[in-house]
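Data block for work.txt (compact mmCIF, C-alpha atoms):
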# COMPACT_ATOMS: atom_id res chain seq x y z
CA MET C 9 0.00 0.00 0.00
CA VAL C 10 2.78 2.35 1.06
CA VAL C 11 4.83 1.29 -1.95
CA LYS C 12 1.83 1.97 -4.17
CA TRP C 13 1.39 5.39 -2.60
CA ILE C 14 5.14 6.20 -2.98
CA ALA C 15 5.05 5.07 -6.57
CA SER C 16 2.00 7.23 -7.36
CA VAL C 17 3.58 10.25 -5.63
CA SER C 18 6.86 9.80 -7.49
CA LEU C 19 4.91 9.40 -10.71
CA ALA C 20 3.02 12.60 -9.92
CA VAL C 21 6.32 14.39 -9.14
CA LEU C 22 7.83 13.11 -12.37
CA ALA C 23 4.75 14.22 -14.25
CA ALA C 24 4.90 17.60 -12.60
CA GLN C 25 8.61 17.89 -13.43
CA ALA C 26 7.89 16.91 -16.99
CA ALA C 27 5.11 19.48 -17.15
CA LEU C 28 7.44 22.10 -15.68
CA VAL C 29 10.13 21.27 -18.21
CA THR C 30 7.56 21.45 -20.98
CA ALA C 31 6.27 24.74 -19.64
CA GLN C 32 9.82 26.12 -19.36
CA GLU C 33 10.63 24.96 -22.86
CA ALA C 34 7.43 26.52 -24.10
CA ALA C 35 8.31 29.74 -22.27
CA VAL C 36 11.76 29.72 -23.82
CA GLN C 37 10.21 29.09 -27.19
CA VAL C 38 7.72 31.92 -26.70
CA ALA C 39 10.49 34.20 -25.44
CA ALA C 40 12.58 33.33 -28.47
CA ALA C 41 9.65 33.72 -30.79
CA VAL C 42 8.62 37.17 -29.53
CA PRO C 43 11.90 39.00 -30.25
CA GLU C 44 12.16 37.15 -33.54
CA PHE C 45 8.72 38.45 -34.44
CA ARG C 46 9.69 42.03 -33.34
CA ALA C 47 12.95 41.92 -35.29
CA ASP C 48 11.04 40.86 -38.40
CA GLU C 49 8.55 43.65 -37.90
CA GLY C 50 11.35 46.21 -37.43
CA ALA C 51 13.12 45.06 -40.57
CA GLU C 52 9.85 45.29 -42.48
CA GLN C 53 9.22 48.78 -41.17
CA ARG C 54 12.74 49.85 -42.07
CA THR C 55 12.30 48.56 -45.61
CA GLU C 56 8.96 50.33 -45.80
CA PHE C 57 10.53 53.60 -44.59
CA ARG C 58 13.40 53.22 -47.04
CA THR C 59 10.95 52.69 -49.88
CA LEU C 60 8.92 55.70 -48.76
CA ASP C 61 12.05 57.81 -48.50
CA GLU C 62 13.20 56.73 -51.96
CA GLU C 63 9.77 57.52 -53.36
CA THR C 64 9.81 60.96 -51.71
CA GLN C 65 13.28 61.66 -53.11
CA ASP C 66 12.13 60.54 -56.57
CA LEU C 67 9.10 62.80 -56.32
CA LYS C 68 11.25 65.73 -55.20
CA LYS C 69 13.59 65.18 -58.13
CA GLN C 70 10.64 65.00 -60.52
CA VAL C 71 9.25 68.25 -59.11
CA LEU C 72 12.64 69.95 -59.50
CA ASP C 73 12.99 68.69 -63.07
CA LEU C 74 9.47 69.82 -63.89
CA ASN C 75 10.13 73.20 -62.31
CA ARG C 76 13.29 73.62 -64.40
CA ASP C 77 11.46 72.63 -67.61
CA LEU C 78 8.62 75.03 -66.83
CA PHE C 79 11.10 77.82 -66.08
CA LEU C 80 12.86 77.29 -69.41
CA LEU C 81 9.54 77.08 -71.25
CA GLU C 82 8.34 80.27 -69.57
CA GLU C 83 11.56 82.07 -70.53
CA GLU C 84 11.26 80.86 -74.12
CA LEU C 85 7.66 82.02 -74.31
CA LEU C 86 8.12 85.33 -72.55
CA PHE C 87 11.44 86.22 -74.09
CA PRO C 88 11.74 84.64 -77.54
CA SER C 89 15.33 84.49 -78.71
CA ASN C 90 14.78 86.92 -81.57
CA THR C 91 13.85 89.74 -79.18
CA GLN C 92 15.58 88.59 -75.97
CA THR C 93 17.98 91.05 -74.37
CA ALA C 94 19.68 90.41 -71.06
CA VAL C 95 21.97 92.61 -68.99
CA PHE C 96 24.41 91.07 -66.52
CA ILE C 97 26.59 92.66 -63.88
CA SER C 98 29.92 91.46 -62.52
CA MET C 99 32.75 92.89 -60.42
CA ASP C 100 36.47 92.47 -60.61
CA VAL C 101 38.56 93.32 -57.52
CA GLY C 102 36.40 96.24 -56.33
CA GLU C 103 39.02 97.85 -54.12
CA PHE C 104 38.09 101.35 -55.25
CA PHE C 105 34.35 100.89 -55.32
CA GLY C 106 31.75 99.57 -52.90
CA LEU C 107 28.55 98.91 -54.86
CA ASP C 108 25.32 100.29 -53.40
CA SER C 109 22.86 100.42 -56.29
CA VAL C 110 22.46 100.25 -60.04
CA GLU C 111 19.84 101.99 -62.11
CA LEU C 112 19.39 100.73 -65.63
CA LYS C 113 17.76 102.59 -68.50
CA ILE C 114 17.20 101.36 -72.01
CA ASP C 115 16.12 103.95 -74.58
CA ASP C 116 15.57 106.42 -71.74
CA LYS C 117 13.15 104.10 -69.97
CA ASP C 118 13.81 102.74 -66.46
CA VAL C 119 14.01 98.97 -66.73
CA ALA C 120 15.79 97.96 -63.53
CA ASN C 121 16.71 99.46 -60.21
CA TYR C 122 18.62 97.32 -57.76
CA LEU C 123 19.83 97.97 -54.22
CA TYR C 124 22.67 95.68 -53.13
CA THR C 125 22.99 94.29 -49.65
CA GLU C 126 26.44 93.57 -48.21
CA ARG C 127 26.08 89.86 -48.94
CA GLU C 128 25.09 90.48 -52.56
CA ALA C 129 28.01 92.85 -53.13
CA GLU C 130 30.35 90.28 -51.57
CA ALA C 131 28.96 87.56 -53.83
CA LEU C 132 29.73 89.74 -56.85
CA LEU C 133 33.24 90.34 -55.56
CA LYS C 134 33.73 86.59 -55.22
CA GLY C 135 33.04 86.16 -58.92
CA GLY C 136 29.26 85.99 -59.03
CA VAL C 137 27.40 87.29 -62.06
CA GLN C 138 23.92 88.72 -61.62
CA ARG C 139 21.28 88.95 -64.29
CA LEU C 140 20.04 92.46 -63.73
CA PHE C 141 17.51 92.56 -66.53
CA ILE C 142 15.85 90.36 -69.10
CA GLY C 143 13.35 91.72 -71.58
CA ASN C 144 12.31 92.02 -75.18
CA LEU C 145 13.72 94.55 -77.62
CA LYS C 146 13.03 94.81 -81.29
CA ALA C 147 15.88 94.59 -83.78
CA GLY C 148 17.73 97.84 -84.34
CA GLU C 149 19.76 100.40 -82.44
CA HIS C 150 19.23 100.92 -78.71
CA GLU C 151 20.89 102.95 -76.00
CA LEU C 152 21.70 101.53 -72.57
CA VAL C 153 22.61 103.74 -69.62
CA ALA C 154 23.67 102.28 -66.27
CA VAL C 155 24.05 104.55 -63.26
CA PHE C 156 26.16 103.10 -60.46
CA THR C 157 26.14 104.52 -56.94
CA GLY C 158 28.30 103.48 -54.03
CA GLN C 159 31.43 104.35 -52.17
CA GLY C 160 34.43 105.37 -54.20
CA PRO C 161 38.06 105.78 -53.17
CA HIS C 162 38.55 107.12 -49.61
CA THR C 163 34.95 106.03 -48.81
CA ARG C 164 33.46 108.99 -50.64
CA ASP C 165 29.99 108.80 -52.13
CA TYR C 166 30.38 107.95 -55.77
CA ARG C 167 27.97 108.10 -58.70
CA ARG C 168 29.00 107.21 -62.21
CA ALA C 169 27.19 106.39 -65.42
CA ALA C 170 28.24 104.11 -68.24
CA SER C 171 26.44 104.01 -71.55
CA VAL C 172 26.54 102.07 -74.77
CA ILE C 173 24.68 102.18 -78.04
CA PHE C 174 24.18 98.67 -79.25
CA GLU C 175 22.69 96.97 -82.25
CA LYS C 176 20.09 94.30 -81.59
CA GLY C 177 20.13 91.67 -84.32
CA ILE C 178 17.87 88.69 -84.87
CA GLY C 179 19.50 86.54 -82.18
CA PRO C 180 19.44 87.09 -78.42
CA LYS C 181 21.61 89.91 -77.09
CA TYR C 182 23.65 89.74 -73.90
CA ILE C 183 25.33 92.76 -72.34
CA GLU C 184 27.70 92.61 -69.40
CA LEU C 185 28.45 95.53 -67.10
CA THR C 186 31.77 95.03 -65.37
CA ILE C 187 33.06 97.09 -62.49
CA SER C 188 36.82 96.82 -62.17
CA ASP C 189 39.71 98.73 -60.65
CA ARG C 190 41.95 100.96 -62.67
CA GLU C 191 45.16 100.76 -60.66
CA THR C 192 46.96 103.52 -62.56
CA LYS C 193 44.26 106.09 -61.80
CA GLN C 194 43.28 104.63 -58.42
CA GLN C 195 39.70 104.80 -59.60
CA PRO C 196 36.97 102.29 -60.44
CA GLU C 197 36.24 101.57 -64.05
CA PHE C 198 32.86 100.71 -65.55
CA VAL C 199 33.06 98.64 -68.70
CA VAL C 200 30.21 97.56 -70.96
CA LYS C 201 30.76 94.39 -72.99
CA GLU C 202 28.49 93.01 -75.66
CA TRP C 203 28.01 89.27 -76.14
CA GLU C 204 26.30 87.69 -79.12
CA MET K 17 7.65 125.05 -35.26
CA ARG K 18 7.61 125.03 -39.04
CA GLU K 19 9.28 121.61 -39.05
CA ARG K 20 6.69 120.35 -36.59
CA MET K 21 3.80 121.64 -38.71
CA LYS K 22 5.33 120.01 -41.77
CA ALA K 23 5.63 116.70 -39.94
CA LEU K 24 2.01 116.96 -38.78
CA TRP K 25 0.78 117.70 -42.29
CA SER K 26 2.76 114.82 -43.76
CA GLY K 27 1.38 112.60 -41.03
CA ALA K 28 -2.17 113.67 -41.79
CA ALA K 29 -1.61 113.07 -45.49
CA LEU K 30 -0.26 109.58 -44.83
CA ALA K 31 -3.15 108.82 -42.48
CA ALA K 32 -5.62 109.88 -45.17
CA LEU K 33 -3.82 107.72 -47.72
CA LEU K 34 -3.92 104.73 -45.39
CA ALA K 35 -7.61 105.29 -44.70
CA VAL K 36 -8.38 105.32 -48.44
CA ALA K 37 -6.21 102.27 -49.02
CA GLY K 38 -7.88 100.57 -46.05
CA SER K 39 -11.20 100.29 -47.83
CA GLY K 40 -9.98 97.23 -49.78
CA PHE K 41 -7.24 94.97 -48.50
CA ALA K 42 -5.55 94.52 -45.17
CA ALA K 43 -2.20 93.15 -44.09
CA THR K 44 -3.96 90.29 -42.26
CA GLN K 45 -4.68 88.67 -45.63
CA LEU K 46 -1.00 87.78 -45.82
CA VAL K 47 -1.19 85.27 -42.94
CA GLY K 48 -0.03 81.87 -44.15
CA ALA K 49 1.60 83.28 -47.28
CA GLU K 50 5.27 83.80 -47.98
CA ALA K 51 6.35 87.23 -46.77
CA PRO K 52 6.84 89.51 -49.78
CA ASP K 53 10.55 90.19 -50.18
CA PHE K 54 11.95 93.70 -50.30
CA VAL K 55 15.17 95.61 -49.96
CA LEU K 56 15.38 98.99 -48.21
CA LYS K 57 18.10 101.34 -47.10
CA SER K 58 18.57 101.44 -43.34
CA LEU K 59 19.30 104.61 -41.42
CA SER K 60 22.84 103.32 -40.88
CA GLY K 61 23.31 103.41 -44.67
CA LYS K 62 23.25 99.65 -45.27
CA ASN K 63 20.79 98.03 -47.65
CA LEU K 64 18.83 95.23 -46.00
CA ARG K 65 16.87 92.50 -47.72
CA LEU K 66 14.14 90.62 -45.84
CA SER K 67 14.97 87.23 -47.40
CA GLU K 68 18.47 87.42 -45.91
CA TYR K 69 16.87 86.93 -42.49
CA ARG K 70 15.62 83.43 -43.35
CA GLY K 71 16.33 81.17 -40.41
CA GLU K 72 15.41 83.88 -37.93
CA VAL K 73 12.04 84.93 -36.59
CA VAL K 74 11.39 88.45 -37.88
CA MET K 75 9.17 91.09 -36.31
CA LEU K 76 8.47 93.50 -39.15
CA SER K 77 7.03 96.71 -37.77
CA PHE K 78 5.56 99.52 -39.84
CA TRP K 79 5.58 102.83 -38.04
CA ALA K 80 5.77 106.61 -38.39
CA THR K 81 6.99 109.36 -36.07
CA TRP K 82 3.56 111.04 -35.82
CA CYS K 83 1.97 107.83 -34.50
CA GLY K 84 2.20 107.61 -30.70
CA ASP K 85 1.07 103.97 -30.53
CA CYS K 86 3.82 103.08 -33.01
CA ARG K 87 6.49 104.49 -30.73
CA ALA K 88 5.07 102.61 -27.75
CA GLN K 89 4.94 99.40 -29.77
CA LEU K 90 8.52 99.83 -31.00
CA GLU K 91 9.71 100.27 -27.44
CA GLU K 92 8.15 96.94 -26.44
CA LEU K 93 9.38 95.15 -29.55
CA GLY K 94 12.88 96.54 -28.99
CA THR K 95 12.93 95.10 -25.46
CA MET K 96 11.70 91.75 -26.73
CA ARG K 97 14.34 91.74 -29.46
CA ASP K 98 17.13 92.46 -26.96
CA ARG K 99 15.91 89.64 -24.76
CA TYR K 100 15.60 86.96 -27.46
CA GLN K 101 18.21 88.04 -29.98
CA ASP K 102 20.52 85.13 -29.15
CA ALA K 103 17.65 82.71 -29.77
CA GLY K 104 17.34 84.00 -33.35
CA ILE K 105 14.99 86.94 -33.57
CA GLU K 106 15.29 90.25 -35.40
CA LEU K 107 13.22 93.40 -35.44
CA LEU K 108 13.00 95.38 -38.65
CA ALA K 109 11.34 98.75 -38.13
CA VAL K 110 10.08 100.18 -41.41
CA SER K 111 9.43 103.90 -41.19
CA LEU K 112 6.75 105.28 -43.49
CA ASP K 113 7.77 108.87 -42.78
CA GLN K 114 8.31 111.22 -45.67
CA THR K 115 11.96 111.80 -44.89
CA ALA K 116 14.61 109.61 -43.34
CA HIS K 117 15.54 112.56 -41.12
CA GLN K 118 12.18 112.40 -39.33
CA ALA K 119 12.65 108.71 -38.62
CA SER K 120 16.24 109.06 -37.48
CA GLU K 121 15.30 111.63 -34.84
CA THR K 122 12.84 109.23 -33.22
CA ALA K 123 14.84 106.05 -33.70
CA GLN K 124 18.08 107.50 -32.42
CA GLY K 125 20.10 104.92 -30.50
CA ALA K 126 17.89 101.99 -31.50
CA GLY K 127 19.82 98.73 -31.46
CA TYR K 128 17.70 97.24 -34.25
CA PRO K 129 17.74 98.12 -37.95
CA VAL K 130 15.47 101.03 -38.86
CA LEU K 131 14.57 101.12 -42.55
CA HIS K 132 13.10 103.98 -44.49
CA ASP K 133 10.38 103.22 -47.03
CA ALA K 134 10.67 106.49 -48.93
CA GLY K 135 8.14 105.77 -51.66
CA GLY K 136 5.82 103.73 -49.45
CA GLU K 137 6.29 100.76 -51.78
CA VAL K 138 6.89 98.21 -49.03
CA GLY K 139 3.90 99.56 -47.10
CA ARG K 140 1.76 98.92 -50.18
CA LEU K 141 3.33 95.48 -50.62
CA TYR K 142 2.11 94.55 -47.13
CA ASP K 143 -1.25 96.33 -47.51
CA VAL K 144 -0.60 98.51 -44.48
CA THR K 145 -3.95 100.18 -43.82
CA LYS K 146 -3.57 101.00 -40.12
CA MET K 147 -0.71 102.11 -37.93
CA PRO K 148 1.15 100.50 -36.34
CA VAL K 149 1.29 97.10 -38.02
CA MET K 150 3.49 94.29 -36.80
CA VAL K 151 4.02 91.32 -39.11
CA LEU K 152 5.43 88.21 -37.48
CA ILE K 153 7.43 86.08 -39.89
CA ASP K 154 8.67 82.58 -39.04
CA ARG K 155 12.09 81.06 -39.75
CA GLY K 156 10.88 79.77 -43.11
CA GLY K 157 9.83 83.24 -44.28
CA VAL K 158 6.08 82.67 -43.87
CA VAL K 159 3.79 85.33 -42.38
CA ARG K 160 2.35 83.79 -39.22
CA ASP K 161 0.59 86.71 -37.56
CA VAL K 162 -0.34 90.27 -38.33
CA PHE K 163 -1.14 92.64 -35.46
CA GLU K 164 -2.84 95.90 -36.36
CA GLY K 165 -2.87 98.73 -33.84
CA PHE K 166 -1.35 98.67 -30.38
CA ARG K 167 -2.63 98.95 -26.83
CA ARG K 168 -0.65 98.50 -23.62
CA GLY K 169 -0.85 94.84 -22.75
CA ASN K 170 -0.62 93.65 -26.35
CA GLU K 171 3.03 92.85 -25.71
CA GLU K 172 1.92 89.77 -23.72
CA GLN K 173 0.26 88.44 -26.84
CA TYR K 174 3.36 89.22 -28.93
CA LEU K 175 5.59 87.46 -26.42
CA GLU K 176 3.45 84.34 -26.47
CA ARG K 177 3.52 84.12 -30.26
CA VAL K 178 7.23 84.93 -30.51
CA GLN K 179 8.10 82.23 -27.97
CA ALA K 180 5.98 79.72 -29.86
CA LEU K 181 7.76 80.56 -33.14
CA LEU K 182 11.18 80.35 -31.49
CA ARG K 183 10.34 76.89 -30.17
CA GLU K 184 9.43 75.56 -33.66

Let me see the file written as structure tokens.
Amino acid sequence: MVVKWIASVSLAVLAAQAALVTAQEAAVQVAAAVPEFRADEGAEQRTEFRTLDEETQDLKKQVLDLNRDLFLLEEELLFPSNTQTAVFISMDVGEFFGLDSVELKIDDKDVANYLYTEREAEALLKGGVQRLFIGNLKAGEHELVAVFTGQGPHTRDYRRAASVIFEKGIGPKYIELTISDRETKQQPEFVVKEWE
Amino acid sequence: MRERMKALWSGAALAALLAVAGSGFAATQLVGAEAPDFVLKSLSGKNLRLSEYRGEVVMLSFWATWCGDCRAQLEELGTMRDRYQDAGIELLAVSLDQTAHQASETAQGAGYPVLHDAGGEVGRLYDVTKMPVMVLIDRGGVVRDVFEGFRRGNEEQYLERVQALLRE
């Protein structure tokens, strides 16, 4: 009887141990399965984000391309090459002149008036070229007058005009106004160049 | 005396012009839109362009010497600018006076840039129909608030909005 009881108890203990082991194994399995599941989800999300990011970048590029095409198309429509005239401004050295503003007249008509900030003047000094004006002019002779104001040698207020009579042909016309230093005279020089 | 009378007359003329202009648009319509860019000569002689302040919160104030509320507003804005300058804020005070001389007398010693809108072009660009007008522009160059007129106590409202924009 006692032996029977001991045997049943030991069987019960063994069964309980087996159940515990099974439960532990199951717990380990579950524990292993959960992070595995999370890692998979994270990887999926990362891929999704990457795809989204790539798509956004593609879209941005497309928008930029479209913007550029539209800009070119607009320029072509507004300023056809047979009438297009553009005036650019550049600076070389600039030791004798600090640019403040430029007033541009074509055929005695004000077409541009520009006030320069310190940053803009610095950008010109570093080699930047600014398109001051773009417009349409019919073929023939035209007069351009540019009035420059700023600080001349010894930080004195300075106002100078440069003019040119140019011939507008059938192609686009580009004119460059260059401010440079004339070392021999210790004065700024304002040069007008024509480009075909 | 003569100078004073001249200033008063010019002030009255500008007030009349603003009243006529006020029948249509108002600066408040600009909220949410990109702040119109402009370049003006400051009283220090430098040319300043609004778009060069991108990245900073800008308090753009339109004022005139004959307007008492404008002077009170500028005083408050100047204090706020001094306090938060390191956090990235700038005050641009655009004077709509007829001459730069009038503006320079009032704005003497101001630590912030005072600009003179000689032809009133920038005032028209911002549809200034009342005085003073303060346009609050965020770091991205978008108009976020427009405050027309000024009463003591309004500075609390300004401060709240400025702090919110600085936190963005």

Output as JSON lines one row per residue of chain K within 12 Å of chain C: the closest atom pair and its distance in Å to one decimal place, counting only C-alpha atoms, sorted by chain and residue number ascending.
{"residue": "K:Phe54", "atom": "CA", "partner": "C:Leu123", "partner_atom": "CA", "distance": 9.8}
{"residue": "K:Val55", "atom": "CA", "partner": "C:Leu123", "partner_atom": "CA", "distance": 6.7}
{"residue": "K:Leu56", "atom": "CA", "partner": "C:Leu123", "partner_atom": "CA", "distance": 7.5}
{"residue": "K:Lys57", "atom": "CA", "partner": "C:Leu123", "partner_atom": "CA", "distance": 8.1}
{"residue": "K:Ser58", "atom": "CA", "partner": "C:Thr125", "partner_atom": "CA", "distance": 10.5}
{"residue": "K:Gly61", "atom": "CA", "partner": "C:Asp108", "partner_atom": "CA", "distance": 9.5}
{"residue": "K:Lys62", "atom": "CA", "partner": "C:Thr125", "partner_atom": "CA", "distance": 6.9}
{"residue": "K:Asn63", "atom": "CA", "partner": "C:Thr125", "partner_atom": "CA", "distance": 4.8}
{"residue": "K:Leu64", "atom": "CA", "partner": "C:Thr125", "partner_atom": "CA", "distance": 5.6}
{"residue": "K:Arg65", "atom": "CA", "partner": "C:Thr125", "partner_atom": "CA", "distance": 6.7}
{"residue": "K:Leu66", "atom": "CA", "partner": "C:Thr125", "partner_atom": "CA", "distance": 10.3}
{"residue": "K:Ser67", "atom": "CA", "partner": "C:Thr125", "partner_atom": "CA", "distance": 10.9}
{"residue": "K:Glu68", "atom": "CA", "partner": "C:Arg127", "partner_atom": "CA", "distance": 8.5}
{"residue": "K:Tyr69", "atom": "CA", "partner": "C:Arg127", "partner_atom": "CA", "distance": 11.6}

Residue nearest K:Ser120 - candidates K:Ser60, K:Tyr100, K:Leu108, K:Val144, atoms counted: only C-alpha atoms: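 That would be K:Ser60, the residue with the smallest distance to K:Ser120.
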
K:Leu141 surroundings by only C-alpha atoms, 9 Å radius, close-in-sequence under 4 positions cut, as a PyMOL selection string: chain K and resi 43+52-54+136-137

Counting only C-alpha atoms, the option among K:Leu59, K:Val74, K:Ala119, K:Ala103 closest to K:Asp161: K:Val74

Spatial neighbours of stretch 77-93 of chain K, 8 Å, all atoms listed in the file, chain gap at least 4 places, as a ChimeraX atom specification: /K:23-24,27,97,107-113,118-119,122,139,144,147-151,165-167,171

Among listed residues C:Lys201, C:Lys117, C:Lys69, C:Arg190, nearest C:Ser98 (using all atoms listed in the file): C:Lys201

Axis-aligned box over every listed atom of stretch 48-58 of chain K, padded by 5 Å per side: centre and edges in Å to one decimal, as AutoDock Vina command-line options?
--center_x 9.3 --center_y 91.7 --center_z -46.8 --size_x 28.6 --size_y 29.6 --size_z 17.0

9 Å contact set for C:Phe174, only C-alpha atoms, chain neighbours under 2 positions out, as JSON, numbers by chain: {"C": [148, 149, 150, 151, 152, 172, 176, 202]}

Who sits within 7 Å of C:Phe156, all atoms listed in the file, same chain under 2 positions skipped, as a PyMOL selection string: chain C and resi 109-111+154+158+167-169

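Minimum atom-to-atom distances from C:Arg54, C:Val95, C:Val119, C:Pro180 to C:Val200 were compared using only C-alpha atoms, and the lowest value belongs to C:Val95.
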
Exercise: residues within 7 Å of coordinate (5.5, 85.1, -44.6), counting all atoms listed in the file, as a PyMOL selection string: chain K and resi 47-52+153-154+157-160
